[in-house]
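Novice: If you scroll down you'll find the structure; I have some questions about it.
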Amino acid sequence: MKGRGIISTLKKKFKVKNDQVLANRLGVTAQAIRNWNNRSTVTERQIAGLVYSASRAGASNLQANAIRPLVEFFPIERSASRQGANYKLFGINADDGSKHPYLEGLQNELKNNHGLYVFFDSRGQAIYTGKAQRQSLWKEMNLAFNRKRGEVQKIKRVNHPTRKLIYRSSDEKSRQIYSYEILLHDVATYFSAYQVADSLINKMEAMLVRSFANDLLNKKMEKFGQQKKKKKKSKKPT
């Protein structure tokens, strides 16, 4: 077995093209990769050493890149969508009509990453948390921003007139307090978003929802990964 063949196969597996990127994945130097390419034969001990180095590098990379804050407590400036049917978290145009570089950069980060997000009210209290695993953070967060939640997401309000009417006190005109369905864009003031390793998204979302269960507007109580149940072998009657 030649070293060049092993390195070539590893590049295909990791979907990388140059030695430096592969070296980073395996936890070795670029010179070590070049040495492997020059080996006419490879010993079992050398292969074992490479596997061990790669496993340590994988654990280190996961620890370093498991969670990356994209933005925290960002003020929401809701903006109507092109069709006007829904709201976006924020627009990316500056006052002069040009693209705002910070807002455009933040939107691109949210469009290009998966992870977890949290909405906060005006007091900075968490009111909703969710995950973006199949879709981008930007798409999932905007869907949650406009999603109806029926009985779960309601507050008490009074229907006051919006037209120019003379004020009448409660003894002249009774105005009943009633439950009013709200959407996140009615109450959310800030949001935070985090890029999270795909393997951790479900468990971390469950932890957040369960930790703030009495404060959040979430419908569903997320569960931690269930352990596989051992199947009991039924004994045949003798």
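Residues are named by chain letter and number: chains run A, B, ... in the order of the structure tokens, numbers start at 1 in each chain, and ligands are numbered from 1 in the order shown.
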Would you kindly return, as a PyMOL selection string, each protein, DNA or RNA residue with an atom no farther than 9 Å from any atom of stretch 32-46 of chain A, considering only C-alpha atoms and excluding same-chain residues fewer than 6 positions away?
Specialist: chain A and resi 1-8+19-20+22-23
Novice: Pull the closest atom pair for each residue of stretch 184-226 of chain A that gets at most 9 Å from stretch 139-151 of chain A, along with the distance in Å to one decimal, counting only C-alpha atoms, ordering rows by chain and then ascending residue number, as a tab-separated table.
Specialist:
residue	atom	partner	partner_atom	distance
A:Leu184	CA	A:Phe145	CA	5.0
A:His185	CA	A:Phe145	CA	5.5
A:Asp186	CA	A:Phe145	CA	8.9
A:Ala188	CA	A:Phe145	CA	8.3
A:Leu217	CA	A:Arg149	CA	8.6
A:Asn218	CA	A:Arg149	CA	8.5
A:Lys219	CA	A:Arg149	CA	7.4
Novice: Output the selection as a tab-separated table (two decimals), in the first residue's frame - N, CA and C atoms for each residue.
Specialist:
chain	number	residue	atom	x	y	z
A	184	LEU	N	-45.27	36.72	16.51
A	184	LEU	CA	-44.00	37.17	17.08
A	184	LEU	C	-43.67	38.59	16.66
A	185	HIS	N	-44.04	38.97	15.43
A	185	HIS	CA	-43.69	40.32	15.00
A	185	HIS	C	-44.47	41.40	15.74
A	186	ASP	N	-45.49	40.99	16.54
A	186	ASP	CA	-46.20	41.94	17.38
A	186	ASP	C	-45.46	42.23	18.68
A	188	ALA	N	-41.97	40.68	19.51
A	188	ALA	CA	-40.51	40.48	19.52
A	188	ALA	C	-39.79	41.79	19.23
A	217	LEU	N	-43.22	31.10	24.21
A	217	LEU	CA	-44.47	30.91	23.50
A	217	LEU	C	-44.46	29.62	22.67
A	218	ASN	N	-43.42	28.83	22.77
A	218	ASN	CA	-43.33	27.59	21.99
A	218	ASN	C	-44.50	26.67	22.29
A	219	LYS	N	-45.02	26.06	21.24
A	219	LYS	CA	-46.12	25.11	21.39
A	219	LYS	C	-45.64	23.79	21.96
Novice: In Å, with one decimal, what is the gap from atom CA of A:Ser192 to atom CA of A:Arg82?
Specialist: 24.4 Å
Novice: Considering only C-alpha atoms, state which residue in the set A:Leu137, A:Ile177, A:Ile76, A:Ala85 is at the smallest distance from A:Lys156.
Specialist: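 Between A:Leu137, A:Ile177, A:Ile76, A:Ala85, the residue approaching A:Lys156 most closely is A:Ile177.
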Novice: Quick one: residues within 9 Å of A:Ile92, only C-alpha atoms, excluding same-chain residues fewer than 5 positions away - as an NGL selection string?
Specialist: :A and (98-105 or 107)
Novice: To test your reading of the structure, identify every residue in stretch 95-197 of chain A that backbone DSSP assigns to strand (DSSP E), and report it as a ChimeraX atom specification.
Specialist: /A:115-120,126-132,154-158,177-181,190-196
Novice: Output C-alpha atoms for every residue in the selection just made, as an mmCIF file, in the first residue's frame.
Specialist:
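File again_39.cif, as written:
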data_model
loop_
_atom_site.group_PDB
_atom_site.id
_atom_site.type_symbol
_atom_site.label_atom_id
_atom_site.label_comp_id
_atom_site.auth_asym_id
_atom_site.auth_seq_id
_atom_site.Cartn_x
_atom_site.Cartn_y
_atom_site.Cartn_z
ATOM 1 C CA GLY A 115 -28.362 26.612 14.103
ATOM 2 C CA LEU A 116 -30.508 28.053 16.891
ATOM 3 C CA TYR A 117 -32.226 31.385 17.433
ATOM 4 C CA VAL A 118 -33.972 33.213 20.276
ATOM 5 C CA PHE A 119 -36.510 36.047 20.166
ATOM 6 C CA PHE A 120 -36.747 38.513 23.066
ATOM 7 C CA ALA A 126 -36.693 35.260 25.961
ATOM 8 C CA ILE A 127 -40.139 34.605 24.468
ATOM 9 C CA TYR A 128 -39.438 32.101 21.691
ATOM 10 C CA THR A 129 -36.589 29.814 20.670
ATOM 11 C CA GLY A 130 -36.263 27.576 17.650
ATOM 12 C CA LYS A 131 -33.932 25.687 15.364
ATOM 13 C CA ALA A 132 -32.967 25.964 11.723
ATOM 14 C CA LYS A 154 -52.573 35.040 22.892
ATOM 15 C CA ILE A 155 -52.721 38.090 25.103
ATOM 16 C CA LYS A 156 -55.572 40.092 26.658
ATOM 17 C CA ARG A 157 -56.581 43.276 24.856
ATOM 18 C CA VAL A 158 -59.470 45.666 24.408
ATOM 19 C CA ILE A 177 -61.350 42.506 27.492
ATOM 20 C CA TYR A 178 -60.817 39.522 25.211
ATOM 21 C CA SER A 179 -58.106 37.134 24.062
ATOM 22 C CA TYR A 180 -56.294 38.388 21.002
ATOM 23 C CA GLU A 181 -54.034 36.186 18.885
ATOM 24 C CA TYR A 190 -34.604 41.618 19.693
ATOM 25 C CA PHE A 191 -33.154 38.360 18.427
ATOM 26 C CA SER A 192 -29.990 36.304 18.796
ATOM 27 C CA ALA A 193 -28.756 33.664 16.353
ATOM 28 C CA TYR A 194 -26.066 31.010 16.674
ATOM 29 C CA GLN A 195 -24.421 28.725 14.167
ATOM 30 C CA VAL A 196 -24.485 25.252 15.744
#
Novice: Measuring between only C-alpha atoms, which one of A:Ile201, A:Gln153, A:Val28, A:Ala64 shows the shortest distance to A:Tyr52?
Specialist: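 Among the listed residues, A:Val28 lies closest to A:Tyr52.
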